[in-house]
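Asks: Next comes the structure file final-v9.txt, holding compact mmCIF, C-alpha atoms.
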```
# COMPACT_ATOMS: atom_id res chain seq x y z
CA MET F 1 4.06 -6.09 23.02
CA GLN F 2 2.71 -3.09 21.18
CA GLN F 3 0.93 -0.49 23.20
CA HIS F 4 -2.74 0.19 22.76
CA SER F 5 -3.20 3.57 21.18
CA GLN F 6 -4.91 6.29 23.16
CA ILE F 7 -5.16 8.47 20.05
CA LYS F 8 -8.78 9.03 19.11
CA GLY F 9 -10.98 11.28 17.01
CA PHE F 10 -9.47 14.42 15.49
CA LYS F 11 -5.96 13.71 16.83
CA LYS F 12 -6.00 10.33 15.11
CA LEU F 13 -7.23 11.87 11.86
CA LYS F 14 -4.53 14.57 12.04
CA LEU F 15 -1.87 11.92 12.64
CA VAL F 16 -3.07 9.81 9.71
CA ILE F 17 -3.04 12.85 7.40
CA ILE F 18 0.54 13.75 8.40
CA LEU F 19 1.69 10.13 8.04
CA ALA F 20 -0.09 9.83 4.69
CA LEU F 21 1.66 12.93 3.34
CA MET F 22 4.97 11.69 4.75
CA SER F 23 4.59 8.38 2.95
CA SER F 24 3.28 9.93 -0.27
CA ILE F 25 5.66 12.87 -0.83
CA ALA F 26 8.21 10.70 -2.63
CA PRO F 27 5.65 8.74 -4.72
CA LEU F 28 4.13 12.12 -5.64
CA SER F 29 7.52 13.01 -7.08
CA THR F 30 7.15 10.09 -9.47
CA ASP F 31 3.47 10.21 -10.37
CA MET F 32 3.15 13.95 -10.95
CA TYR F 33 6.25 13.77 -13.14
CA LEU F 34 5.05 10.91 -15.37
CA PRO F 35 3.06 13.00 -17.90
CA ALA F 36 6.16 15.18 -18.35
CA LEU F 37 8.52 12.37 -19.42
CA THR F 38 8.17 13.11 -23.11
CA GLN F 39 8.61 16.86 -22.50
CA VAL F 40 11.71 16.25 -20.38
CA GLU F 41 13.12 14.09 -23.17
CA GLU F 42 12.56 16.87 -25.70
CA SER F 43 13.69 19.66 -23.35
CA PHE F 44 17.07 18.05 -22.69
CA ALA F 45 17.32 16.71 -26.28
CA THR F 46 18.14 13.29 -24.87
CA SER F 47 17.11 9.64 -25.28
CA THR F 48 14.13 7.79 -23.88
CA PHE F 49 16.56 5.56 -21.95
CA LEU F 50 18.20 8.49 -20.11
CA THR F 51 14.80 10.00 -19.39
CA GLN F 52 13.60 6.74 -17.85
CA LEU F 53 16.91 6.50 -15.99
CA SER F 54 15.74 9.49 -13.95
CA LEU F 55 12.99 7.18 -12.65
CA ALA F 56 15.40 4.29 -12.02
CA SER F 57 17.84 6.51 -10.09
CA PHE F 58 14.92 7.77 -8.00
CA PHE F 59 13.80 4.23 -7.14
CA LEU F 60 17.35 3.10 -6.26
CA ALA F 61 17.98 6.06 -3.94
CA PHE F 62 14.53 5.55 -2.45
CA SER F 63 15.51 1.96 -1.74
CA PHE F 64 18.94 2.27 -0.15
CA GLY F 65 18.23 5.57 1.60
CA GLN F 66 15.73 3.75 3.76
CA LEU F 67 18.56 1.66 5.23
CA LEU F 68 19.99 4.87 6.70
CA TYR F 69 16.78 6.24 8.17
CA GLY F 70 15.59 2.98 9.73
CA PRO F 71 18.35 2.50 12.36
CA MET F 72 18.67 6.29 12.82
CA SER F 73 14.98 6.55 13.73
CA ASP F 74 15.32 3.69 16.23
CA VAL F 75 18.11 5.63 17.99
CA PHE F 76 17.45 9.34 17.44
CA GLY F 77 13.67 9.11 17.32
CA ARG F 78 11.21 9.51 14.46
CA LYS F 79 10.98 13.28 14.28
CA ARG F 80 14.55 14.51 13.76
CA PRO F 81 15.48 12.13 10.89
CA ILE F 82 12.26 12.89 8.99
CA LEU F 83 12.92 16.64 9.25
CA VAL F 84 16.42 16.13 7.83
CA GLY F 85 15.07 13.98 5.02
CA ILE F 86 12.36 16.44 4.00
CA PHE F 87 14.93 19.29 4.01
CA ILE F 88 17.07 17.30 1.52
CA PHE F 89 13.93 16.72 -0.57
CA ILE F 90 13.15 20.47 -0.63
CA ILE F 91 16.66 21.46 -1.76
CA SER F 92 16.79 18.74 -4.44
CA SER F 93 13.38 19.73 -5.82
CA LEU F 94 14.61 23.32 -6.09
CA GLY F 95 17.67 22.07 -7.99
CA CYS F 96 15.48 20.20 -10.49
CA ILE F 97 13.85 23.53 -11.41
CA VAL F 98 17.08 25.34 -12.32
CA ILE F 99 19.41 22.72 -13.89
CA ASP F 100 19.86 22.48 -17.66
CA ASP F 101 21.19 18.99 -18.48
CA ILE F 102 19.88 15.45 -18.12
CA TYR F 103 22.81 14.11 -16.07
CA SER F 104 22.44 16.77 -13.36
CA PHE F 105 18.71 16.08 -13.41
CA ILE F 106 19.27 12.34 -12.84
CA ILE F 107 21.60 13.11 -9.89
CA LEU F 108 19.15 15.57 -8.34
CA ARG F 109 16.33 13.05 -8.70
CA PHE F 110 18.56 10.62 -6.79
CA PHE F 111 18.92 13.07 -3.89
CA GLU F 112 15.24 14.00 -4.06
CA ALA F 113 14.41 10.35 -3.41
CA LEU F 114 17.14 10.08 -0.78
CA GLY F 115 15.37 12.79 1.20
CA GLY F 116 11.79 11.78 0.48
CA CYS F 117 12.25 8.12 1.41
CA ALA F 118 12.56 9.09 5.08
CA GLY F 119 8.81 9.68 5.16
CA VAL F 120 7.89 6.18 4.03
CA VAL F 121 10.18 4.41 6.51
CA ILE F 122 9.32 6.52 9.51
CA ALA F 123 5.55 6.62 8.84
CA ARG F 124 5.43 2.80 9.03
CA ALA F 125 7.55 2.82 12.17
CA ILE F 126 5.26 5.36 13.87
CA VAL F 127 2.20 3.18 13.16
CA ASN F 128 4.04 0.21 14.63
CA ASP F 129 4.97 2.33 17.69
CA LEU F 130 1.44 3.46 18.45
CA PHE F 131 -1.01 0.76 17.35
CA THR F 132 -1.62 -2.95 17.89
CA SER F 133 -1.51 -5.34 14.92
CA LYS F 134 -5.30 -5.36 14.47
CA GLU F 135 -5.47 -1.57 14.63
CA ALA F 136 -2.42 -1.23 12.39
CA VAL F 137 -4.10 -3.02 9.45
CA GLY F 138 -6.86 -0.43 9.44
CA ILE F 139 -4.42 2.46 9.93
CA TYR F 140 -2.16 1.27 7.10
CA ALA F 141 -5.21 0.92 4.85
CA LEU F 142 -6.51 4.36 5.86
CA MET F 143 -3.07 5.85 5.26
CA MET F 144 -2.97 4.24 1.84
CA VAL F 145 -6.38 5.69 0.99
CA PHE F 146 -5.21 9.18 1.95
CA SER F 147 -1.72 8.80 0.50
CA SER F 148 -3.08 7.26 -2.71
CA LEU F 149 -5.57 10.06 -3.35
CA ALA F 150 -2.71 12.47 -3.94
CA PRO F 151 -0.77 10.20 -6.35
CA MET F 152 -4.08 9.32 -8.00
CA LEU F 153 -4.83 12.98 -8.70
CA SER F 154 -1.23 14.09 -9.21
CA PRO F 155 -0.79 12.83 -12.81
CA THR F 156 -3.99 14.66 -13.72
CA PHE F 157 -2.72 17.75 -11.93
CA GLY F 158 0.64 17.29 -13.63
CA GLY F 159 -1.11 17.04 -16.99
CA ILE F 160 -3.04 20.25 -16.28
CA LEU F 161 0.18 22.06 -15.32
CA LEU F 162 1.75 20.94 -18.60
CA GLN F 163 -1.15 22.46 -20.53
CA TYR F 164 -0.18 25.94 -19.27
CA PHE F 165 3.39 25.77 -17.97
CA SER F 166 6.67 23.94 -18.55
CA TRP F 167 7.62 20.68 -16.84
CA GLN F 168 9.61 22.69 -14.26
CA SER F 169 6.28 23.79 -12.73
CA ILE F 170 5.85 20.23 -11.45
CA PHE F 171 9.02 20.50 -9.38
CA THR F 172 8.00 23.96 -8.16
CA THR F 173 4.85 22.29 -6.81
CA LEU F 174 6.90 19.52 -5.14
CA PHE F 175 9.20 22.15 -3.62
CA LEU F 176 6.20 23.92 -2.04
CA LEU F 177 4.66 20.64 -0.83
CA GLY F 178 7.97 19.78 0.82
CA ILE F 179 7.93 23.06 2.73
CA LEU F 180 4.32 22.43 3.82
CA LEU F 181 5.15 18.93 5.07
CA PHE F 182 8.21 20.21 6.94
CA ILE F 183 6.03 22.70 8.82
CA MET F 184 3.34 20.07 9.56
CA ILE F 185 5.92 17.65 11.02
CA LEU F 186 7.72 20.37 12.99
CA PHE F 187 4.57 21.59 14.75
CA GLY F 188 2.11 18.68 14.47
CA LEU F 189 4.04 15.43 15.06
CA GLN F 190 4.95 14.07 18.50
CA GLU F 191 7.85 11.72 19.13
CA SER F 192 6.71 8.08 19.32
CA ALA F 193 9.86 5.95 19.42
CA PRO F 194 10.22 3.89 22.65
CA HIS F 195 13.28 3.72 24.95
CA LEU F 196 15.30 6.49 23.25
CA LYS F 197 17.17 7.41 26.45
CA ASP F 198 18.66 3.94 26.68
CA ARG F 199 20.10 3.94 23.17
CA LYS F 200 23.20 5.27 21.47
CA PHE F 201 23.87 5.11 17.76
CA SER F 202 26.65 2.74 16.71
CA HIS F 203 27.43 0.72 13.63
CA LYS F 204 27.40 -2.44 15.73
CA GLU F 205 23.90 -1.69 17.05
CA ALA F 206 22.62 -0.95 13.53
CA ILE F 207 24.12 -4.18 12.20
CA HIS F 208 22.67 -6.10 15.16
CA GLY F 209 19.22 -4.68 14.37
CA TYR F 210 19.48 -5.83 10.77
CA LYS F 211 20.59 -9.29 11.89
CA VAL F 212 17.59 -9.57 14.22
CA VAL F 213 15.19 -8.70 11.39
CA PHE F 214 16.87 -10.85 8.73
CA ARG F 215 16.76 -13.91 11.02
CA GLU F 216 12.96 -13.83 10.80
CA LYS F 217 12.45 -15.89 7.65
CA ILE F 218 8.73 -15.22 7.31
CA PHE F 219 9.48 -11.48 7.38
CA LEU F 220 11.55 -11.99 4.23
CA VAL F 221 8.72 -13.96 2.64
CA TYR F 222 6.27 -11.09 3.17
CA SER F 223 8.84 -8.50 2.07
CA LEU F 224 9.75 -10.30 -1.15
CA THR F 225 6.12 -11.09 -1.92
CA SER F 226 5.25 -7.41 -1.60
CA GLY F 227 8.35 -6.39 -3.53
CA PHE F 228 7.75 -8.58 -6.58
CA ALA F 229 4.01 -7.81 -6.67
CA SER F 230 4.91 -4.11 -6.58
CA CYS F 231 7.36 -4.68 -9.47
CA ALA F 232 4.32 -5.09 -11.71
CA MET F 233 3.11 -1.65 -10.65
CA PHE F 234 6.51 0.00 -11.04
CA SER F 235 7.05 -1.47 -14.49
CA TYR F 236 3.61 -0.08 -15.38
CA ILE F 237 4.59 3.32 -13.93
CA THR F 238 7.81 3.40 -15.94
CA GLY F 239 6.42 2.24 -19.28
CA SER F 240 2.77 3.35 -19.25
CA SER F 241 3.38 6.98 -20.25
CA PHE F 242 5.06 5.94 -23.49
CA ILE F 243 2.63 3.09 -24.22
CA PHE F 244 -0.57 5.06 -23.65
CA GLN F 245 0.67 8.23 -25.36
CA LYS F 246 2.85 6.89 -28.19
CA TYR F 247 1.37 3.43 -28.89
CA PHE F 248 -2.33 4.03 -28.19
CA GLY F 249 -2.22 7.75 -29.09
CA ILE F 250 -3.69 9.03 -25.80
CA SER F 251 -3.15 12.73 -24.98
CA GLU F 252 -1.16 13.86 -21.92
CA LEU F 253 -4.37 14.80 -20.12
CA GLY F 254 -6.03 11.54 -21.23
CA PHE F 255 -3.10 9.53 -19.88
CA SER F 256 -3.22 11.44 -16.61
CA THR F 257 -6.93 10.63 -16.28
CA LEU F 258 -6.36 6.92 -16.97
CA PHE F 259 -3.48 6.81 -14.52
CA GLY F 260 -5.73 8.38 -11.90
CA LEU F 261 -8.49 5.86 -12.66
CA ASN F 262 -6.09 2.95 -12.17
CA ALA F 263 -4.87 4.45 -8.89
CA LEU F 264 -8.52 4.76 -7.83
CA GLY F 265 -8.78 0.97 -7.99
CA PHE F 266 -5.95 0.72 -5.48
CA VAL F 267 -7.66 3.23 -3.18
CA ILE F 268 -11.04 1.45 -3.34
CA PHE F 269 -9.62 -1.98 -2.61
CA ALA F 270 -7.33 -0.72 0.18
CA ASN F 271 -10.46 0.71 1.77
CA ILE F 272 -12.37 -2.56 1.31
CA ASN F 273 -9.41 -4.39 2.86
CA ALA F 274 -9.80 -2.40 6.09
CA PHE F 275 -13.27 -3.96 6.51
CA LEU F 276 -12.38 -7.47 5.28
CA VAL F 277 -9.56 -7.94 7.82
CA ARG F 278 -12.17 -7.72 10.60
CA ARG F 279 -13.79 -10.91 9.27
CA PHE F 280 -11.03 -12.79 7.45
CA GLU F 281 -7.39 -13.56 8.17
CA SER F 282 -4.88 -11.36 6.37
CA GLN F 283 -3.13 -14.45 4.96
CA LYS F 284 -6.31 -15.61 3.19
CA ILE F 285 -6.99 -12.16 1.70
CA LEU F 286 -3.39 -12.01 0.56
CA ALA F 287 -3.52 -15.43 -1.09
CA VAL F 288 -6.70 -14.72 -3.07
CA SER F 289 -5.52 -11.29 -4.21
CA LEU F 290 -2.19 -12.69 -5.44
CA ILE F 291 -3.99 -15.33 -7.53
CA VAL F 292 -6.42 -12.78 -8.99
CA MET F 293 -3.52 -10.47 -9.85
CA LEU F 294 -1.73 -13.33 -11.60
CA PHE F 295 -4.79 -14.10 -13.74
CA SER F 296 -5.22 -10.44 -14.68
CA THR F 297 -1.60 -10.19 -15.88
CA LEU F 298 -2.02 -13.44 -17.82
CA ILE F 299 -5.03 -11.90 -19.60
CA LEU F 300 -2.88 -8.83 -20.24
CA CYS F 301 -0.27 -11.04 -21.92
CA VAL F 302 -2.78 -12.92 -24.09
CA ASN F 303 -4.37 -9.66 -25.19
CA ALA F 304 -0.97 -8.13 -26.03
CA PHE F 305 0.17 -11.20 -27.99
CA LEU F 306 -3.00 -11.60 -30.05
CA TYR F 307 -3.83 -8.00 -30.87
CA PRO F 308 -3.60 -5.22 -28.28
CA ASN F 309 -7.14 -4.11 -27.52
CA PHE F 310 -7.00 -0.84 -25.59
CA TRP F 311 -9.98 -1.50 -23.30
CA LEU F 312 -8.97 -5.06 -22.39
CA PHE F 313 -5.44 -3.77 -21.78
CA GLU F 314 -6.77 -1.04 -19.50
CA ILE F 315 -9.16 -3.37 -17.59
CA SER F 316 -6.34 -5.85 -16.94
CA ILE F 317 -4.05 -3.07 -15.73
CA PHE F 318 -6.82 -1.69 -13.49
CA THR F 319 -7.44 -5.12 -11.91
CA SER F 320 -3.74 -5.74 -11.33
CA ILE F 321 -3.17 -2.39 -9.61
CA ALA F 322 -6.42 -2.79 -7.62
CA MET F 323 -5.21 -6.10 -6.15
CA LEU F 324 -2.24 -4.25 -4.66
CA GLY F 325 -4.81 -2.52 -2.45
CA PHE F 326 -5.14 -5.89 -0.71
CA ILE F 327 -1.53 -7.04 -1.03
CA ALA F 328 0.31 -3.92 0.19
CA PRO F 329 -1.39 -3.32 3.58
CA ASN F 330 -1.53 -7.01 4.50
CA THR F 331 2.11 -7.81 3.68
CA THR F 332 3.18 -4.63 5.49
CA THR F 333 1.18 -5.44 8.63
CA LEU F 334 2.21 -9.09 8.73
CA ALA F 335 5.88 -8.20 8.30
CA MET F 336 6.00 -5.24 10.71
CA ALA F 337 3.96 -6.88 13.49
CA ARG F 338 6.89 -9.14 14.38
CA PHE F 339 9.05 -6.20 15.52
CA VAL F 340 8.52 -3.44 18.07
CA GLU F 341 11.99 -2.54 19.32
CA TYR F 342 13.37 -2.48 15.77
CA SER F 343 10.39 -0.97 13.97
CA GLY F 344 12.52 1.52 12.04
CA THR F 345 15.00 -1.12 10.94
CA ALA F 346 12.24 -3.52 9.87
CA SER F 347 10.49 -0.74 7.98
CA ALA F 348 13.76 0.16 6.24
CA ILE F 349 14.33 -3.41 5.08
CA LEU F 350 10.74 -3.72 3.90
CA GLY F 351 11.06 -0.54 1.87
CA MET F 352 14.56 -1.37 0.65
CA VAL F 353 13.46 -4.71 -0.77
CA GLN F 354 10.49 -3.14 -2.53
CA PHE F 355 12.32 -0.21 -4.06
CA THR F 356 15.52 -2.10 -4.95
CA LEU F 357 13.31 -4.33 -7.04
CA ALA F 358 11.46 -1.22 -8.30
CA GLY F 359 14.71 0.45 -9.36
CA PHE F 360 15.88 -2.72 -11.06
CA ILE F 361 12.61 -3.23 -12.91
CA SER F 362 12.55 0.43 -14.00
CA PHE F 363 16.06 0.05 -15.38
CA VAL F 364 15.10 -3.16 -17.19
CA VAL F 365 11.96 -1.58 -18.67
CA GLY F 366 14.04 1.30 -20.01
CA ALA F 367 17.01 -0.82 -21.11
CA ILE F 368 14.97 -3.35 -23.10
CA ASN F 369 12.76 -0.57 -24.46
CA ALA F 370 9.64 -2.12 -22.90
CA ASN F 371 7.45 0.58 -24.39
CA THR F 372 5.09 -1.81 -26.18
CA PRO F 373 2.12 -3.69 -24.70
CA ILE F 374 3.73 -7.11 -25.26
CA ILE F 375 6.98 -6.43 -23.40
CA LEU F 376 5.29 -4.59 -20.54
CA ALA F 377 2.71 -7.37 -20.12
CA LEU F 378 5.46 -10.00 -19.94
CA VAL F 379 7.42 -8.04 -17.32
CA MET F 380 4.30 -7.58 -15.19
CA CYS F 381 3.23 -11.21 -15.49
CA VAL F 382 6.65 -12.62 -14.59
CA SER F 383 6.86 -10.29 -11.57
CA VAL F 384 3.48 -11.45 -10.22
CA LEU F 385 4.29 -15.09 -10.95
CA VAL F 386 7.45 -14.79 -8.84
CA ALA F 387 5.46 -13.08 -6.04
CA ASN F 388 2.98 -15.99 -6.00
CA GLY F 389 5.80 -18.54 -5.96
CA ILE F 390 7.55 -16.84 -3.04
CA TYR F 391 4.39 -16.50 -0.97
CA PHE F 392 2.94 -19.99 -1.43
CA ARG F 393 6.36 -21.63 -1.20
CA GLY F 394 7.03 -19.51 1.88
CA LEU F 395 3.89 -20.84 3.57
CA LYS F 396 5.29 -24.38 3.34
CA TRP F 397 8.80 -23.21 4.16
CA SER F 398 7.65 -21.56 7.38
CA ARG F 399 5.27 -24.34 8.44
CA GLY F 400 5.20 -24.51 12.18
CA SER F 401 5.81 -20.75 12.45
CA CYS F 402 3.09 -18.26 13.31
CA LEU F 403 2.15 -16.54 10.09
```
Kindly return the structure encoded in the file as C-alpha cells.
Replies:
Amino acid sequence: MQQHSQIKGFKKLKLVIILALMSSIAPLSTDMYLPALTQVEESFATSTFLTQLSLASFFLAFSFGQLLYGPMSDVFGRKRPILVGIFIFIISSLGCIVIDDIYSFIILRFFEALGGCAGVVIARAIVNDLFTSKEAVGIYALMMVFSSLAPMLSPTFGGILLQYFSWQSIFTTLFLLGILLFIMILFGLQESAPHLKDRKFSHKEAIHGYKVVFREKIFLVYSLTSGFASCAMFSYITGSSFIFQKYFGISELGFSTLFGLNALGFVIFANINAFLVRRFESQKILAVSLIVMLFSTLILCVNAFLYPNFWLFEISIFTSIAMLGFIAPNTTTLAMARFVEYSGTASAILGMVQFTLAGFISFVVGAINANTPIILALVMCVSVLVANGIYFRGLKWSRGSCL
C-alpha cells in the first residue's frame, strides 16, 4: 500500500517544481534545440539525416539509460543516482559547446540523454513513493503542467537565442540549467525510497525486479499504449522543424511560436485531466482521448493527401498533441499504481518503452526523409492506430483483471 502524503502547501509546491524540472531537463534538450537543426546542419556541413540522427541517438540513450537508473534508485535511493545523472548531463552539454564535427556531436547528445534520463525515471518513482493513486494522478498532471511550460517556451527561447547568437548558445543554456538543477536536488530534495537498509544491489535482484514488473500484463498494455501514442508526438518533433520551415516557409521564430502553441494544448488538457479524474474513471478518459487523437491524425492524412492546407494541418497537429495531455498522465498513473516496492524499476520500463519507440520513430522519420506533410501524417496516424489497437485489445485481453 502506498503511504498517504503528509506533504502540504509550500513544501508540496517546492517538491513538484523540483520534480518537474527533473523530468523536463532532458526534453528541454530536445525542444530548445529544434529551431537550430537547420543551423547545425549548415555549421557541420552535413546531411539532414545525420542532423536528425542526433535526435535519434538522444532518444535511444534516453530509453535504455532508464533501465540503469530504475533498479539503482530502488537500491541506492532516489537522490544519489539523480545527482550522478545530472552531473553527466552537465559535462555532456559542455562538450556540445566545444566540439567541431557532427559525429562527436551525436555521441555527446547520446551521453547528454544518458544523464538527463535519470530525472524522468526518478521523478515518477518519487511520486509513487509519496502519494496514493488518486493523489498521484493530480500530481503527475501538475508536474506535466510545470514541466511542459518550459518545453513549450523553450523553442521560442531557442529561436530568440538564434536571432542573436550561434546554436552553441542553446547548449550553454542547458549547461547552466543542469548546474541549477544539481544544486536544487542537492539541497532541496529529501530521500523517499522505502526499505533502503534492507537492500543490496545485485544483478539477480535487478533481474528479479524486471521479472515482477513484466509479469503484470496490463502494465505492458498501458506502457505500449502510451509509447505508441507518444510516437506521434516524437515523429512530429523530429520532422516538424523541416516541414514548417522548409515546406510551409515559416521563419525560425514563427516555428518556435507554433511549437509553443502546440505544447500549450498539452498543458491545458493535462490540467483539465487533473479535474476530470475526480469525476470519471481514468480508463474512460483514456479511451475517449485515444479515439479523438485517431480522428485528428486521420484528418491530418486526408488534408496532406488532397492538398496540404497549413491551418488544417496545424489544427490537426494541435488536437493530436493536446490529447496526449489526457493520455500521458492516465497511462502513467494506471501503470505505476501497481508497484510500490519496485517503483524505480517500473518507471524505468515505462520510460524505456516510450523512448525506445521514440528513438526508432525518429530514425525512421529521418531515414525515409519524412519531411513532407504526407509522410509525417502517415507516420503519426499509424502510430495512433496501433496505440488504439493495443489499448482496446488489451481491455479484452485482461478481462477479469483490475484495470
Asks: Select, from F:Ile368, F:Leu161, F:Ile291, F:Leu306, the residue with the minimum atom-to-atom distance to Ala387 of chain F, counting all atoms listed in the file.
Replies: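 The shortest atom-to-atom distance to Ala387 of chain F comes from F:Ile291.
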Asks: Which value, in Å to one decimal, gives the distance between atom CA of Leu324 of chain F and atom CA of Ser289 of chain F?
Replies: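 Result for atom CA of Leu324 of chain F versus atom CA of Ser289 of chain F: 7.8 Å, one decimal.
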Asks: Within 12 Å of (1.6, 5.0, -25.2), all atoms listed in the file: residues as number ranges by chain?
Replies: F: 34-35, 37-38, 236-252, 254-256, 258-259, 308, 310, 313-314, 370-373, 376
Asks: Do a neighbour search on Leu67 of chain F at 9 Å with only C-alpha atoms, toss out local chain neighbours closer than 6 positions, and write the hits as a PyMOL selection string.
Replies: chain F and resi 121+345+347-349+351-352
Asks: Extending 8 Å beyond the listed atoms of segment 318-324 of chain F on each side, what axis-aligned box results? I want centre and edge lengths in Å to one decimal, as AutoDock Vina command-line options.
Replies:
```
--center_x -4.8 --center_y -3.9 --center_z -9.1 --size_x 21.2 --size_y 20.4 --size_z 24.8
```
Asks: Leaving out Gly344 of chain F and any residue of its chain fewer than 6 positions from it, which residues lie within 6 Å of it when counting all atoms listed in the file, given as a ChimeraX atom specification?
Replies: /F:70-71,73-74,125
Asks: Let me make sure I understand: among F:Ile375, F:Leu298, F:Leu357, F:Leu334, which one has the smallest atom-to-atom distance to Gly227 of chain F if we use all atoms listed in the file?
Replies: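 With all atoms listed in the file as the atom set, the closest residue is F:Leu357.
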Asks: Between F:Leu108, F:Leu15, F:Leu180, F:Ala113, which has the minimum distance to Gly85 of chain F (counting only C-alpha atoms)?
Replies: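 Smallest separation from Gly85 of chain F among the options: F:Ala113.
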Asks: Measuring between all atoms listed in the file, which one of F:Asn388, F:Ser54, F:Asn271, F:Gln66 shows the shortest distance to Thr30 of chain F?
Replies: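 Under the stated criterion, the closest residue is F:Ser54.
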Asks: Kindly extract all protein, DNA and RNA residues lying within 9 Å of the coordinates (-0.4, 11.0, -11.1) given in the file, considering all atoms listed in the file, and supply them as a PyMOL selection string.
Replies: chain F and resi 28+30-35+150-159+256-257+259-260+263
Asks: Which residue out of F:Phe318, F:Phe355, F:Phe89, F:Phe182 has the minimum interatomic distance to Phe228 of chain F when all atoms listed in the file are used?
Replies: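 Among the listed residues, the smallest separation from Phe228 of chain F belongs to F:Phe355.
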Asks: Residues near Thr48 of chain F, anyone? I mean within 8 Å using only C-alpha atoms, not counting same-chain ones fewer than 4 positions away, as a list in words.
Replies: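 Using only C-alpha atoms, the neighbours found are Glu41, Gln52 and Gly366 of chain F.
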Asks: Those residues you just picked out, can you put them in a file as an mmCIF file, in the frame of the given file with C-alpha atoms?
Replies:
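Below you can see result_20.cif, which holds the result:
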```cif
data_model
loop_
_atom_site.group_PDB
_atom_site.id
_atom_site.type_symbol
_atom_site.label_atom_id
_atom_site.label_comp_id
_atom_site.auth_asym_id
_atom_site.auth_seq_id
_atom_site.Cartn_x
_atom_site.Cartn_y
_atom_site.Cartn_z
ATOM 1 C CA GLU F 41 13.120 14.090 -23.170
ATOM 2 C CA GLN F 52 13.600 6.740 -17.850
ATOM 3 C CA GLY F 366 14.040 1.300 -20.010
#
```
Asks: With only C-alpha atoms as the counted atoms, please give the residues lying no more than 9 Å from Thr332 of chain F, apart from itself and same-chain residues fewer than 3 positions off, as a list in words.
Replies: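 Residues near the query, excluding close chain neighbours: Arg124, Val137, Tyr140, Tyr222, Ser223, Ser226, Ile327, Ala328, Pro329, Ala335, Met336, Ala337, Ser347 and Leu350 of chain F.
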Asks: Would you mind reading off the distance between atom CA of Val365 of chain F and atom CA of Phe44 of chain F, one decimal, in Å?
Replies: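 Separation of atom CA of Val365 of chain F and atom CA of Phe44 of chain F: 20.7 Å.
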Asks: Using only C-alpha atoms, which protein or nucleic acid residues come within 8 Å of Leu114 of chain F? Drop anything in the same chain fewer than 3 positions from it, and give the result as a list of chain:residue names.
Replies: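 Listing them by chain and then by number gives F:Phe58, F:Ala61, F:Phe62, F:Gly65, F:Gln66, F:Gly85, F:Ile88, F:Phe89, F:Phe110, F:Phe111, F:Cys117, F:Ala118.
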Asks: Go ahead and compute the interatomic distance for atom CA of Phe214 of chain F and atom CA of Val364 of chain F, in Å to one decimal.
Replies: 27.1 Å
Asks: Rank nothing, just name the residue among F:Leu261, F:Ile86, F:Met293, F:Ala45 nearest to Leu385 of chain F, using only C-alpha atoms.
Replies: F:Met293
Asks: Would you save segment 171-181 of chain F from the block above with N, CA, C and O atoms, as a PDB file, in the first residue's frame?
Replies:
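Once everything was written out, this is out-v2.pdb:
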```
ATOM      1  N   PHE F 171      23.187  25.191 -25.940  1.00  0.00           N
ATOM      2  CA  PHE F 171      23.811  24.217 -25.047  1.00  0.00           C
ATOM      3  C   PHE F 171      24.486  24.887 -23.854  1.00  0.00           C
ATOM      4  O   PHE F 171      24.624  24.271 -22.793  1.00  0.00           O
ATOM      5  N   THR F 172      24.881  26.143 -24.013  1.00  0.00           N
ATOM      6  CA  THR F 172      25.360  26.912 -22.863  1.00  0.00           C
ATOM      7  C   THR F 172      24.224  27.079 -21.856  1.00  0.00           C
ATOM      8  O   THR F 172      24.416  26.928 -20.640  1.00  0.00           O
ATOM      9  N   THR F 173      23.020  27.348 -22.363  1.00  0.00           N
ATOM     10  CA  THR F 173      21.846  27.491 -21.502  1.00  0.00           C
ATOM     11  C   THR F 173      21.524  26.178 -20.794  1.00  0.00           C
ATOM     12  O   THR F 173      21.231  26.156 -19.590  1.00  0.00           O
ATOM     13  N   LEU F 174      21.600  25.056 -21.520  1.00  0.00           N
ATOM     14  CA  LEU F 174      21.336  23.748 -20.923  1.00  0.00           C
ATOM     15  C   LEU F 174      22.379  23.411 -19.863  1.00  0.00           C
ATOM     16  O   LEU F 174      22.056  22.833 -18.809  1.00  0.00           O
ATOM     17  N   PHE F 175      23.626  23.761 -20.118  1.00  0.00           N
ATOM     18  CA  PHE F 175      24.714  23.567 -19.159  1.00  0.00           C
ATOM     19  C   PHE F 175      24.411  24.294 -17.847  1.00  0.00           C
ATOM     20  O   PHE F 175      24.526  23.724 -16.757  1.00  0.00           O
ATOM     21  N   LEU F 176      23.954  25.539 -17.940  1.00  0.00           N
ATOM     22  CA  LEU F 176      23.642  26.331 -16.750  1.00  0.00           C
ATOM     23  C   LEU F 176      22.405  25.802 -16.029  1.00  0.00           C
ATOM     24  O   LEU F 176      22.353  25.774 -14.785  1.00  0.00           O
ATOM     25  N   LEU F 177      21.398  25.361 -16.797  1.00  0.00           N
ATOM     26  CA  LEU F 177      20.205  24.764 -16.180  1.00  0.00           C
ATOM     27  C   LEU F 177      20.551  23.486 -15.437  1.00  0.00           C
ATOM     28  O   LEU F 177      19.983  23.196 -14.375  1.00  0.00           O
ATOM     29  N   GLY F 178      21.479  22.706 -15.988  1.00  0.00           N
ATOM     30  CA  GLY F 178      21.917  21.485 -15.328  1.00  0.00           C
ATOM     31  C   GLY F 178      22.555  21.778 -13.978  1.00  0.00           C
ATOM     32  O   GLY F 178      22.297  21.086 -12.990  1.00  0.00           O
ATOM     33  N   ILE F 179      23.381  22.812 -13.931  1.00  0.00           N
ATOM     34  CA  ILE F 179      24.009  23.209 -12.666  1.00  0.00           C
ATOM     35  C   ILE F 179      22.957  23.649 -11.650  1.00  0.00           C
ATOM     36  O   ILE F 179      23.004  23.280 -10.475  1.00  0.00           O
ATOM     37  N   LEU F 180      21.968  24.439 -12.108  1.00  0.00           N
ATOM     38  CA  LEU F 180      20.893  24.888 -11.231  1.00  0.00           C
ATOM     39  C   LEU F 180      20.122  23.710 -10.652  1.00  0.00           C
ATOM     40  O   LEU F 180      19.840  23.657  -9.444  1.00  0.00           O
ATOM     41  N   LEU F 181      19.775  22.733 -11.496  1.00  0.00           N
ATOM     42  CA  LEU F 181      19.024  21.570 -11.042  1.00  0.00           C
ATOM     43  C   LEU F 181      19.846  20.749 -10.048  1.00  0.00           C
ATOM     44  O   LEU F 181      19.307  20.259  -9.043  1.00  0.00           O
TER      45      LEU F 181
END
```
